[in-house]
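Novice: So I've got this file, run-v6.cif, and it contains mmCIF, C-alpha atoms, pLDDT in the B column; chains and numbers go by the auth columns:
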```cif
data_data
loop_
_atom_site.group_PDB
_atom_site.id
_atom_site.type_symbol
_atom_site.label_atom_id
_atom_site.label_comp_id
_atom_site.label_asym_id
_atom_site.label_seq_id
_atom_site.Cartn_x
_atom_site.Cartn_y
_atom_site.Cartn_z
_atom_site.B_iso_or_equiv
_atom_site.auth_seq_id
_atom_site.auth_asym_id
ATOM 1 C CA MET A 1 1.767 22.178 -23.302 55.00 1481 S
ATOM 2 C CA ALA A 2 -0.124 19.237 -24.765 63.00 1482 S
ATOM 3 C CA SER A 3 -0.962 16.400 -22.439 68.00 1483 S
ATOM 4 C CA ALA A 4 -0.341 12.722 -23.054 70.00 1484 S
ATOM 5 C CA ARG A 5 -1.734 9.615 -21.378 72.00 1485 S
ATOM 6 C CA LEU A 6 0.727 7.515 -19.405 71.00 1486 S
ATOM 7 C CA PHE A 7 -0.089 3.864 -18.870 68.00 1487 S
ATOM 8 C CA PRO A 8 2.351 2.332 -16.388 67.00 1488 S
ATOM 9 C CA ASN A 9 1.804 -1.399 -16.375 72.00 1489 S
ATOM 10 C CA GLY A 10 3.578 -4.703 -16.522 74.00 1490 S
ATOM 11 C CA ALA A 11 5.186 -4.589 -13.089 80.00 1491 S
ATOM 12 C CA ASN A 12 4.644 -7.593 -10.884 88.00 1492 S
ATOM 13 C CA VAL A 13 5.035 -7.087 -7.152 89.00 1493 S
ATOM 14 C CA ASP A 14 4.131 -9.184 -4.168 92.00 1494 S
ATOM 15 C CA ARG A 15 0.874 -8.597 -2.346 92.00 1495 S
ATOM 16 C CA GLN A 16 2.510 -6.931 0.673 95.00 1496 S
ATOM 17 C CA PHE A 17 4.298 -4.348 -1.501 92.00 1497 S
ATOM 18 C CA ARG A 18 1.076 -3.624 -3.395 90.00 1498 S
ATOM 19 C CA GLU A 19 -0.823 -3.098 -0.140 93.00 1499 S
ATOM 20 C CA GLU A 20 1.899 -0.855 1.337 94.00 1500 S
ATOM 21 C CA PHE A 21 2.118 1.121 -1.913 92.00 1501 S
ATOM 22 C CA SER A 22 -1.651 1.629 -2.060 92.00 1502 S
ATOM 23 C CA ASP A 23 -1.713 2.619 1.614 95.00 1503 S
ATOM 24 C CA ALA A 24 1.049 5.195 1.080 94.00 1504 S
ATOM 25 C CA ALA A 25 -0.787 6.599 -1.949 92.00 1505 S
ATOM 26 C CA ASN A 26 -4.024 6.867 0.054 93.00 1506 S
ATOM 27 C CA ARG A 27 -2.238 8.662 2.900 94.00 1507 S
ATOM 28 C CA ALA A 28 -0.817 11.123 0.347 91.00 1508 S
ATOM 29 C CA GLY A 29 -4.319 11.708 -1.064 91.00 1509 S
ATOM 30 C CA MET A 30 -3.395 10.274 -4.471 88.00 1510 S
ATOM 31 C CA THR A 31 -4.292 7.336 -6.636 88.00 1511 S
ATOM 32 C CA PRO A 32 -1.578 4.678 -6.897 88.00 1512 S
ATOM 33 C CA GLY A 33 -0.865 5.847 -10.466 86.00 1513 S
ATOM 34 C CA GLU A 34 -0.476 9.473 -9.382 85.00 1514 S
ATOM 35 C CA PHE A 35 1.733 8.354 -6.500 88.00 1515 S
ATOM 36 C CA ALA A 36 3.986 6.362 -8.858 88.00 1516 S
ATOM 37 C CA ILE A 37 4.301 9.286 -11.267 85.00 1517 S
ATOM 38 C CA MET A 38 5.143 11.669 -8.414 85.00 1518 S
ATOM 39 C CA ALA A 39 7.788 9.259 -7.083 88.00 1519 S
ATOM 40 C CA ALA A 40 9.365 8.963 -10.531 86.00 1520 S
ATOM 41 C CA ALA A 41 9.255 12.745 -10.996 84.00 1521 S
ATOM 42 C CA GLU A 42 10.911 13.298 -7.599 85.00 1522 S
ATOM 43 C CA LYS A 43 13.718 10.919 -8.565 88.00 1523 S
ATOM 44 C CA LEU A 44 14.219 12.586 -11.951 84.00 1524 S
ATOM 45 C CA SER A 45 14.111 16.028 -10.305 84.00 1525 S
ATOM 46 C CA ARG A 46 16.923 15.009 -7.937 87.00 1526 S
ATOM 47 C CA ARG A 47 18.910 14.050 -11.047 90.00 1527 S
ATOM 48 C CA GLY A 48 18.442 17.537 -12.484 86.00 1528 S
ATOM 49 C CA TRP A 49 15.496 17.069 -14.826 84.00 1529 S
ATOM 50 C CA SER A 50 12.793 19.732 -14.850 77.00 1530 S
ATOM 51 C CA PHE A 51 9.134 19.571 -15.786 73.00 1531 S
ATOM 52 C CA PRO A 52 7.963 23.083 -16.698 71.00 1532 S
ATOM 53 C CA GLY A 53 4.196 23.408 -16.616 65.00 1533 S
ATOM 54 C CA VAL A 54 3.653 20.023 -14.958 67.00 1534 S
ATOM 55 C CA PHE A 55 4.303 20.472 -11.246 68.00 1535 S
ATOM 56 C CA ARG A 56 3.763 23.510 -9.064 67.00 1536 S
ATOM 57 C CA GLU A 57 6.297 25.095 -6.739 68.00 1537 S
ATOM 58 C CA GLY A 58 6.240 23.188 -3.463 70.00 1538 S
ATOM 59 C CA ASP A 59 5.339 19.826 -5.024 69.00 1539 S
ATOM 60 C CA PHE A 60 8.875 18.692 -4.216 64.00 1540 S
ATOM 61 C CA HIS A 61 10.055 19.580 -0.728 57.00 1541 S
ATOM 62 C CA PRO A 62 11.282 17.670 2.330 48.00 1542 S
ATOM 63 C CA ALA A 63 7.770 17.122 3.674 48.00 1543 S
ATOM 64 C CA ASN A 64 6.853 15.258 0.463 47.00 1544 S
ATOM 65 C CA THR A 65 9.995 13.129 0.197 46.00 1545 S
ATOM 66 C CA ARG A 66 12.032 10.803 2.313 49.00 1546 S
ATOM 67 C CA SER A 67 15.744 11.533 2.515 45.00 1547 S
ATOM 68 C CA GLY A 68 17.777 8.920 0.694 44.00 1548 S
ATOM 69 C CA ALA A 69 14.800 7.329 -1.038 45.00 1549 S
ATOM 70 C CA ALA A 70 15.526 6.475 -4.643 42.00 1550 S
#
```
Could you show the structure in this file as structure tokens?
Specialist:
Amino acid sequence: MASARLFPNGANVDRQFREEFSDAANRAGMTPGEFAIMAAAEKLSRRGWSFPGVFREGDFHPANTRSGAA
């Protein structure tokens, strides 16, 4: 599968959210961009989308997600 660059930008958030987001990404061992992509993928996965060849088995499980988070 060919890869493509993803450039998420344009979102304005307050400083506290940015700091909390960066802290959560650091605790997960990811960059903020990787963390955002994973969060979006988890949400799409819950809606039934699949990403063959992108994520590995175990990337989405209760230890990686918070119940009820959208």
Novice: Going by the chain IDs and residue numbers used in this file, which residues fall under the PyMOL selection byres ((chain S and resi 1499-1502) around 12)? Write them as a list in words.
Specialist: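 Taken over the shown coordinates, the PyMOL selection byres ((chain S and resi 1499-1502) around 12) returns Val1493, Asp1494, Arg1495, Gln1496, Phe1497, Arg1498, Asp1503, Ala1504, Ala1505, Asn1506, Arg1507, Ala1508, Gly1509, Met1510, Thr1511, Pro1512, Gly1513, Glu1514, Phe1515, Ala1516 and Ala1519 of chain S.
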Novice: In Å, rounded to a single decimal, give me how far CA of Gly1538 in chain S is from CA of Ile1517 in chain S.
Specialist: 16.1 Å
Novice: Between CA of Ala1491 in chain S and CA of Phe1531 in chain S, what is the distance, to one decimal in Å?
Specialist: 24.6 Å
